[in-house]
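Have a look at entry.tsv below; it lists TSV, C-alpha atoms (C1' of nucleotides).
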```
chain	number	residue	atom	x	y	z
M	766	MET	CA	-45.69	-38.54	21.41
M	767	GLN	CA	-45.77	-36.95	18.02
M	768	ASN	CA	-44.23	-33.70	17.03
M	769	GLU	CA	-46.70	-30.93	16.24
M	770	LEU	CA	-44.57	-29.98	13.28
M	771	PRO	CA	-44.54	-31.95	10.04
M	772	ASP	CA	-41.41	-34.04	9.45
M	773	ARG	CA	-38.47	-31.88	8.46
M	774	ALA	CA	-40.30	-28.69	9.41
M	775	GLU	CA	-38.09	-28.15	12.42
M	776	GLU	CA	-34.99	-28.62	10.32
M	777	ILE	CA	-36.25	-26.20	7.73
M	778	LEU	CA	-36.74	-23.58	10.43
M	779	GLU	CA	-33.23	-24.26	11.76
M	780	VAL	CA	-31.69	-23.68	8.36
M	781	VAL	CA	-33.61	-20.45	7.86
M	782	HIS	CA	-32.56	-19.34	11.31
M	783	ALA	CA	-28.92	-19.94	10.37
M	784	ILE	CA	-28.92	-17.73	7.29
M	785	PRO	CA	-26.71	-14.71	8.07
M	786	ALA	CA	-28.16	-11.21	7.81
M	787	GLY	CA	-27.69	-9.79	4.35
M	788	ARG	CA	-27.59	-13.23	2.76
M	789	VAL	CA	-30.39	-15.35	1.28
M	790	MET	CA	-31.30	-18.85	0.11
M	791	THR	CA	-33.95	-19.98	-2.35
M	792	TYR	CA	-36.81	-22.27	-1.38
M	793	GLY	CA	-35.16	-24.94	-3.47
M	794	ASP	CA	-31.82	-24.48	-1.70
M	795	VAL	CA	-33.38	-24.94	1.72
M	796	GLY	CA	-35.35	-27.94	0.55
M	797	GLU	CA	-32.26	-29.63	-0.76
M	798	ARG	CA	-30.29	-28.90	2.38
M	799	VAL	CA	-32.78	-30.66	4.67
M	800	GLY	CA	-33.59	-33.63	2.44
M	801	ASP	CA	-35.66	-32.52	-0.46
M	802	ARG	CA	-39.41	-32.62	-0.08
M	803	GLY	CA	-39.81	-30.05	-2.74
M	804	PRO	CA	-39.54	-26.27	-2.55
M	805	ARG	CA	-43.27	-25.87	-2.07
M	806	PHE	CA	-43.08	-27.64	1.25
M	807	VAL	CA	-40.50	-25.12	2.44
M	808	GLY	CA	-42.80	-22.24	1.58
M	809	ASN	CA	-45.67	-23.95	3.30
M	810	VAL	CA	-43.71	-24.47	6.51
M	811	LEU	CA	-42.54	-20.87	6.54
M	812	ARG	CA	-46.04	-19.58	6.00
M	813	ARG	CA	-47.36	-21.60	8.91
M	814	PHE	CA	-44.50	-21.55	11.42
M	815	GLY	CA	-41.98	-19.05	10.09
M	816	SER	CA	-43.38	-15.87	11.59
M	817	ASP	CA	-40.61	-15.86	14.23
M	818	GLU	CA	-37.84	-16.64	11.78
M	819	PRO	CA	-36.09	-14.43	9.19
M	820	TRP	CA	-38.40	-15.65	6.41
M	821	TRP	CA	-37.42	-12.76	4.13
M	822	ARG	CA	-34.02	-14.43	3.65
M	823	VAL	CA	-35.77	-17.22	1.74
M	824	LEU	CA	-36.98	-16.35	-1.74
M	825	ARG	CA	-37.76	-17.62	-5.18
M	826	ALA	CA	-35.12	-18.79	-7.63
M	827	ASP	CA	-35.32	-15.55	-9.61
M	828	GLY	CA	-34.54	-13.41	-6.56
M	829	SER	CA	-38.06	-12.09	-6.04
M	830	ALA	CA	-40.17	-12.41	-2.90
M	831	PRO	CA	-43.65	-13.93	-2.86
M	832	PRO	CA	-46.14	-11.19	-3.89
M	833	PRO	CA	-48.09	-10.92	-0.61
M	834	LEU	CA	-44.84	-10.18	1.22
M	835	ALA	CA	-43.04	-8.05	-1.33
M	836	ASP	CA	-43.24	-4.79	0.62
M	837	GLU	CA	-42.22	-6.27	3.94
M	838	ALA	CA	-39.39	-8.25	2.35
M	839	LEU	CA	-38.01	-5.23	0.52
M	840	ALA	CA	-37.90	-3.21	3.72
M	841	ARG	CA	-36.05	-6.02	5.48
M	842	TRP	CA	-33.51	-6.42	2.67
M	843	ARG	CA	-32.75	-2.71	2.69
M	844	ALA	CA	-32.50	-2.68	6.48
M	845	GLU	CA	-29.83	-5.38	6.55
M	846	GLY	CA	-27.97	-4.38	3.40
M	847	THR	CA	-28.84	-7.33	1.20
M	848	PRO	CA	-27.40	-6.86	-2.32
M	849	LEU	CA	-30.29	-5.78	-4.55
M	850	ARG	CA	-30.76	-5.16	-8.24
M	851	ARG	CA	-33.70	-3.54	-9.94
M	852	LEU	CA	-34.76	-4.17	-13.49
M	853	ALA	CA	-33.89	-1.25	-15.73
M	854	HIS	CA	-37.35	-0.80	-17.16
M	855	ASP	CA	-39.27	-1.02	-13.92
M	856	ALA	CA	-37.95	0.78	-10.88
M	857	ALA	CA	-40.64	-0.84	-8.77
M	858	ASP	CA	-39.44	-4.37	-9.43
M	859	VAL	CA	-36.60	-4.82	-6.99
M	860	ARG	CA	-35.07	-8.24	-6.47
M	861	VAL	CA	-32.19	-9.69	-4.51
M	862	ASP	CA	-28.94	-10.07	-6.43
M	863	LEU	CA	-28.62	-13.82	-5.99
M	864	GLY	CA	-25.17	-13.85	-7.53
M	865	ARG	CA	-23.84	-11.93	-4.55
M	866	ALA	CA	-26.30	-12.66	-1.76
M	867	ARG	CA	-26.89	-16.39	-2.11
M	868	TRP	CA	-25.60	-18.23	0.94
M	869	ASP	CA	-24.02	-21.66	0.75
M	870	ALA	CA	-25.40	-23.70	3.64
M	871	GLY	CA	-22.75	-26.32	3.00
M	872	GLU	CA	-20.40	-24.25	5.14
M	873	TRP	CA	-22.74	-24.65	8.06
M	874	THR	CA	-23.22	-27.72	10.22
M	875	ALA	CA	-26.81	-28.28	11.25
M	876	PRO	CA	-27.68	-29.10	14.90
M	877	TRP	CA	-29.16	-32.45	13.95
M	878	GLU	CA	-25.96	-33.36	12.12
M	879	GLY	CA	-23.51	-32.63	14.82
I	132	DG	C1'	-60.21	-42.47	-1.81
I	133	DT	C1'	-60.03	-38.26	-5.42
I	134	DG	C1'	-59.06	-33.73	-6.77
I	135	DC	C1'	-57.52	-28.90	-6.18
I	136	DT	C1'	-54.30	-25.59	-4.23
I	137	DG	C1'	-49.94	-23.59	-3.06
I	138	DA	C1'	-44.78	-17.97	0.21
I	139	DC	C1'	-41.79	-23.23	-6.13
I	140	DA	C1'	-38.54	-24.73	-10.20
I	141	DC	C1'	-37.50	-25.36	-14.86
I	142	DA	C1'	-37.95	-25.64	-19.93
I	143	DG	C1'	-40.15	-23.52	-24.04
I	144	DG	C1'	-41.81	-20.05	-27.01
J	880	DA	C1'	-37.87	-9.85	-19.95
J	881	DC	C1'	-42.62	-11.97	-20.32
J	882	DC	C1'	-46.13	-15.74	-20.09
J	883	DT	C1'	-47.42	-20.81	-20.25
J	884	DG	C1'	-47.26	-25.51	-19.28
J	885	DT	C1'	-45.44	-29.40	-16.65
J	886	DG	C1'	-43.31	-31.73	-12.59
J	887	DC	C1'	-43.22	-32.17	-7.44
J	888	DC	C1'	-45.10	-33.01	-2.87
J	889	DA	C1'	-47.79	-32.14	1.27
J	890	DG	C1'	-52.25	-30.41	3.15
J	891	DC	C1'	-57.08	-30.07	3.06
J	892	DA	C1'	-62.11	-30.29	1.34
```
Rendering of file as structure tokens:
Amino acid sequence: MQNELPDRAEEILEVVHAIPAGRVMTYGDVGERVGDRGPRFVGNVLRRFGSDEPWWRVLRADGSAPPPLADEALARWRAEGTPLRRLAHDAADVRVDLGRARWDAGEWTAPWEG
DNA sequence: GTGCTGACACAGG
DNA sequence: ACCTGTGCCAGCA
């Protein structure tokens, strides 16, 4: 029988699930970790199946969250103490400090690998 | 099959 | 820091 999920989708969700609280990965990072199908695919999988996963720990390469989820993501980041930085000229534009919060999934062994 | 869209990334200007 | 164009790849009309 065939999996309901697209190939790699399950692995993407596993990686997201493994990101520690207060840390983040970019869409590109996750994509590369599971065998790159492109960052857009990661976003697509999260949108469709990621509602039960910590999706706010996955963001764009510049540290910002996707616009539709900005409010929710910001609340989550604050709640779990994710390192943030806001641009000096716009107090409303708050992003994750990738330099400090970016998580290296290389330290982690995925279920399908072990 | 063809073409557009998207929770993206990167290089230019 | 901003906006624009181009590259990618999967999903859907």
Given all atoms listed in the file as the counted atoms, nearest of M:Tyr792, M:Ala830, M:Arg805, M:Glu845 to DT136 in chain I: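 Using all atoms listed in the file, the shortest distance to DT136 in chain I belongs to M:Arg805.
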Find the residues in chain I near chain M: any atom within 12 Å counts, using all atoms listed in the file. Write them as a ChimeraX atom specification. /I:136-141
Counting only C-alpha atoms (C1' of nucleotides), chain J residues within 10 Å of chain M, as a PyMOL selection string: chain J and resi 880+887-890
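One distance worth recording is that between CA of Ile784 in chain M and CA of Trp873 in chain M, which is 9.3 Å.
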For CA of Gly864 in chain M and CA of Arg773 in chain M, the interatomic separation in Å (one decimal):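 Interatomic distance here is 27.5 Å.
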Provide the CA of Ala774 in chain M to CA of Ala866 in chain M distance in Å, to one decimal place.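 So the answer is 24.0 Å.
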